[in-house]
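Okay, structure first, notes after.
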Amino acid sequence: MPTFRSNDAEINYQTFGNSHKPALIFSNSLGTKFSMWQPQINFLKKDFYVICYDTRGHGESTAPKGPYQIEQLGTDVVNLLDYLNIAEASFCGISMGGLTGQWLAIYYPERFNHVIVCNTAAKIGEEQAWNDRAQLVREQGLKPIADTAAARWFTEPFIRSNTAIVESLSNDLGAGSPEGYASCCEALAQADMREQLAKIRIPLLVIAGQKDPVTTMTDAQYIINNVRSSSLFELNASHISNIEQPKAFNQVVKDFISA
């Protein structure tokens, strides 16, 4: 797969569909890789030029020693658009990718016509908890995190009826880079968009999982309350809503960007 250099990292990416169609870039969650977007790729590549990439420290992208910062994660996206000679795109990111999307909407509004942030918050979790997780992963690897991820990612009925999907994602997490994961945890420890949200003026869609224990409906409503040009779409899902409810997710993304 192709890669490009973004400052100190080699970023793995792939494009789907016709490059003359409107561009839509997807950003993965912590501990996953861009293949998590396969249901969206399959549905949207007919109408959009779909761009997926592995966040630095994830998948086939390199994992330079951190800690990382949210500015680095966002700048990697802008650098990818520059590399592909794309002046303006739509953006869709989930969890950590959703926080990246908020940063981009604040600091690079001229590069994005629509931003979709899913299962995320303006401030995800607590600083000390992220730093503790980073330390755990550096000491013990990713297996302890991978063994418990499914319960954070999906509802119990989905886990029971979709064992292959859940196992594949958990295995991807366990096989990832401990340094890359830990460095992204440190980015999340510091990232806080709460005071800057009001600066967002481009259309913003917040997709939230009604049963998400990680980034809750309250977190989603906080973004809505502070971004003038925003709207909320709720899904009967947990944290990885694009996989748990792909049909509804795909349709709302298409409708929002096409409006």
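Residue numbering restarts at 1 for every chain of the structure tokens, chains are lettered A, B, ... in their displayed order, and ligands are numbered from 1 as they appear.
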
Counting only C-alpha atoms, what are the residues of stretch 114-227 of chain A within 7 Å of stretch 58-62 of chain A, and for each of them which pair of atoms is the nearest and at what distance in Å, to one decimal? Sort the table by chain and rising number, as CSV.
```
residue,atom,partner,partner_atom,distance
A:Gly176,CA,A:His58,CA,6.4
A:Ser177,CA,A:His58,CA,6.6
A:Gly180,CA,A:His58,CA,6.2
```

For the residues in that selection, give me C-alpha atoms as a short mmCIF file (atom, residue, chain, number, x, y, z; two decimals), in the first residue's frame.
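File part-v2.cif, as written:
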```cif
data_model
loop_
_atom_site.label_atom_id
_atom_site.label_comp_id
_atom_site.auth_asym_id
_atom_site.auth_seq_id
_atom_site.Cartn_x
_atom_site.Cartn_y
_atom_site.Cartn_z
CA GLY A 176 -0.32 -3.18 17.12
CA SER A 177 2.63 -1.07 18.22
CA GLY A 180 2.40 3.98 18.95
#
```

Residue contacts of A:Ser231 (10 Å, only C-alpha atoms) excluding same-chain residues fewer than 2 positions away, as an mmCIF file with C-alpha atoms, in the first residue's frame:
```cif
data_model
loop_
_atom_site.group_PDB
_atom_site.id
_atom_site.type_symbol
_atom_site.label_atom_id
_atom_site.label_comp_id
_atom_site.auth_asym_id
_atom_site.auth_seq_id
_atom_site.Cartn_x
_atom_site.Cartn_y
_atom_site.Cartn_z
ATOM 1 C CA ILE A 116 -18.254 14.413 11.049
ATOM 2 C CA PRO A 203 -21.014 22.265 9.205
ATOM 3 C CA LEU A 204 -20.360 19.673 11.924
ATOM 4 C CA LEU A 205 -22.262 16.427 12.444
ATOM 5 C CA VAL A 206 -21.897 14.587 15.745
ATOM 6 C CA ILE A 207 -22.749 10.879 15.648
ATOM 7 C CA ALA A 220 -21.941 14.584 22.334
ATOM 8 C CA GLN A 221 -24.464 17.116 23.622
ATOM 9 C CA ILE A 223 -20.207 19.602 21.471
ATOM 10 C CA ILE A 224 -23.650 20.399 20.044
ATOM 11 C CA ASN A 225 -24.235 23.060 22.697
ATOM 12 C CA VAL A 227 -20.829 24.579 18.036
ATOM 13 C CA ARG A 228 -23.282 26.831 16.239
ATOM 14 C CA SER A 229 -23.273 24.914 12.947
ATOM 15 C CA PHE A 233 -27.457 11.901 15.128
ATOM 16 C CA PHE A 256 -24.912 15.113 5.535
#
```

*Would you list the contacts of A:Asn171 as an MDAnalysis selection string, taking every protein, DNA or RNA residue within 12 Å and counting only C-alpha atoms, but skipping same-chain residues closer than 3 positions in sequence?*
chainID A and resid 31:33 59 142:150 163:168 174:176

*Of the candidates A:Phe34, A:Tyr68, A:Phe154, A:Phe43, which shows the shortest atom-to-atom distance to A:Ala182, using only C-alpha atoms?*
A:Tyr68

*asked:* Let me make sure I understand: among A:Ile70, A:Leu80, A:Leu24, A:Leu44, which one has the smallest atom-to-atom distance to A:Cys92 if we use only C-alpha atoms?
replied: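 So, comparing all the options, the nearest one is A:Leu24.
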
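One distance worth recording is that between atom CA of A:Asn85 and atom CA of A:Ala191, which is 28.3 Å.
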
*If you run DSSP over the backbone, which residues in stretch 107-210 of chain A end up helix (DSSP H, G or I)? Put them as a VMD selection string.*
chain A and resid 107 109 to 111 127 to 140 143 to 153 156 to 161 163 to 174 178 to 190 197 to 199

_Just list as a ChimeraX atom specification whatever in stretch 7-248 of chain A DSSP marks as strand (DSSP E)._
/A:9-16,23-27,49-53,89-94,112-118,204-209,230-235

So that I have them on file, write out the residues from the current selection with N, CA and C atoms, as a compact mmCIF listing (two decimals), in the first residue's frame.
```txt
# COMPACT_ATOMS: atom_id res chain seq x y z
N ALA A 9 6.98 10.74 10.53
CA ALA A 9 6.26 9.46 10.40
C ALA A 9 6.01 9.13 8.94
N GLU A 10 6.02 7.83 8.64
CA GLU A 10 5.54 7.32 7.35
C GLU A 10 4.09 6.90 7.55
N ILE A 11 3.20 7.55 6.83
CA ILE A 11 1.77 7.31 7.00
C ILE A 11 1.26 6.41 5.87
N ASN A 12 0.66 5.29 6.27
CA ASN A 12 0.06 4.36 5.33
C ASN A 12 -1.35 4.84 4.97
N TYR A 13 -1.65 4.85 3.68
CA TYR A 13 -2.98 5.30 3.26
C TYR A 13 -3.43 4.50 2.05
N GLN A 14 -4.71 4.63 1.73
CA GLN A 14 -5.25 4.03 0.52
C GLN A 14 -6.45 4.85 0.07
N THR A 15 -6.63 4.94 -1.24
CA THR A 15 -7.76 5.67 -1.79
C THR A 15 -8.68 4.71 -2.54
N PHE A 16 -9.95 5.10 -2.61
CA PHE A 16 -10.97 4.26 -3.24
C PHE A 16 -11.89 5.16 -4.06
N ALA A 23 -13.93 14.60 -2.25
CA ALA A 23 -13.04 13.84 -1.38
C ALA A 23 -13.63 13.69 0.02
N LEU A 24 -13.46 12.50 0.59
CA LEU A 24 -13.93 12.19 1.94
C LEU A 24 -12.84 11.37 2.63
N ILE A 25 -12.32 11.88 3.73
CA ILE A 25 -11.22 11.21 4.42
C ILE A 25 -11.70 10.68 5.77
N PHE A 26 -11.29 9.45 6.10
CA PHE A 26 -11.69 8.79 7.34
C PHE A 26 -10.49 8.64 8.28
N SER A 27 -10.75 8.80 9.58
CA SER A 27 -9.70 8.72 10.60
C SER A 27 -10.12 7.72 11.68
N TYR A 49 -14.59 10.23 -3.49
CA TYR A 49 -13.20 9.79 -3.53
C TYR A 49 -12.79 9.55 -2.08
N VAL A 50 -12.84 8.29 -1.66
CA VAL A 50 -12.64 7.93 -0.26
C VAL A 50 -11.15 7.75 0.02
N ILE A 51 -10.69 8.41 1.07
CA ILE A 51 -9.29 8.35 1.49
C ILE A 51 -9.26 7.82 2.92
N CYS A 52 -8.52 6.75 3.12
CA CYS A 52 -8.34 6.19 4.46
C CYS A 52 -6.86 6.15 4.80
N TYR A 53 -6.54 6.27 6.05
CA TYR A 53 -5.13 6.22 6.46
C TYR A 53 -5.04 5.62 7.86
N ALA A 89 -11.82 18.85 1.45
CA ALA A 89 -12.41 17.52 1.61
C ALA A 89 -13.45 17.55 2.71
N SER A 90 -14.24 16.49 2.79
CA SER A 90 -15.03 16.20 3.98
C SER A 90 -14.21 15.26 4.86
N PHE A 91 -14.49 15.29 6.17
CA PHE A 91 -13.72 14.50 7.12
C PHE A 91 -14.68 13.74 8.02
N CYS A 92 -14.35 12.48 8.30
CA CYS A 92 -15.11 11.67 9.25
C CYS A 92 -14.13 10.92 10.15
N GLY A 93 -14.20 11.18 11.44
CA GLY A 93 -13.31 10.51 12.39
C GLY A 93 -14.08 10.00 13.59
N ILE A 94 -13.62 8.89 14.14
CA ILE A 94 -14.30 8.26 15.27
C ILE A 94 -13.38 8.21 16.49
N PHE A 112 -11.80 22.01 4.82
CA PHE A 112 -12.88 21.04 5.02
C PHE A 112 -14.25 21.69 4.81
N ASN A 113 -15.09 21.02 4.02
CA ASN A 113 -16.44 21.54 3.80
C ASN A 113 -17.47 20.95 4.76
N HIS A 114 -17.22 19.75 5.23
CA HIS A 114 -18.05 19.11 6.25
C HIS A 114 -17.13 18.30 7.16
N VAL A 115 -17.44 18.30 8.46
CA VAL A 115 -16.70 17.47 9.41
C VAL A 115 -17.69 16.65 10.22
N ILE A 116 -17.43 15.35 10.28
CA ILE A 116 -18.25 14.41 11.05
C ILE A 116 -17.39 13.83 12.16
N VAL A 117 -17.85 13.99 13.39
CA VAL A 117 -17.10 13.46 14.53
C VAL A 117 -18.00 12.46 15.25
N CYS A 118 -17.49 11.24 15.45
CA CYS A 118 -18.31 10.12 15.91
C CYS A 118 -17.77 9.58 17.23
N LEU A 204 -20.89 20.76 11.09
CA LEU A 204 -20.36 19.67 11.92
C LEU A 204 -21.49 18.74 12.30
N LEU A 205 -21.32 17.46 12.02
CA LEU A 205 -22.26 16.43 12.44
C LEU A 205 -21.62 15.61 13.55
N VAL A 206 -22.34 15.44 14.65
CA VAL A 206 -21.90 14.59 15.75
C VAL A 206 -22.74 13.32 15.72
N ILE A 207 -22.08 12.18 15.57
CA ILE A 207 -22.75 10.88 15.65
C ILE A 207 -22.41 10.26 17.00
N ALA A 208 -23.43 9.87 17.74
CA ALA A 208 -23.20 9.36 19.09
C ALA A 208 -23.90 8.03 19.28
N GLY A 209 -23.29 7.16 20.08
CA GLY A 209 -23.88 5.88 20.43
C GLY A 209 -24.66 6.00 21.74
N SER A 230 -23.78 22.88 14.20
CA SER A 230 -23.71 21.43 14.44
C SER A 230 -25.09 20.79 14.52
N SER A 231 -25.11 19.48 14.30
CA SER A 231 -26.32 18.68 14.48
C SER A 231 -25.92 17.33 15.05
N LEU A 232 -26.88 16.64 15.66
CA LEU A 232 -26.63 15.39 16.37
C LEU A 232 -27.43 14.26 15.74
N PHE A 233 -26.77 13.11 15.58
CA PHE A 233 -27.46 11.90 15.13
C PHE A 233 -27.12 10.78 16.10
N GLU A 234 -28.15 10.16 16.67
CA GLU A 234 -27.97 9.11 17.66
C GLU A 234 -28.14 7.73 17.02
N LEU A 235 -27.30 6.80 17.46
CA LEU A 235 -27.39 5.42 17.00
C LEU A 235 -27.55 4.50 18.19
```

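Taking atom CA of A:Glu127 as the reference point, atom CA of A:Leu197 is found at 19.4 Å.
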
*asked:* Residues within 10 Å of A:Ala248, please, as a PyMOL selection string. Count only C-alpha atoms; anything in the same chain fewer than 3 positions from it doesn't count.
replied: chain A and resi 233-236+241-242+244-245+251-253

*To one decimal place, how far is atom CA of A:Gly57 from atom CA of A:Ser183 in Å?*
7.6 Å
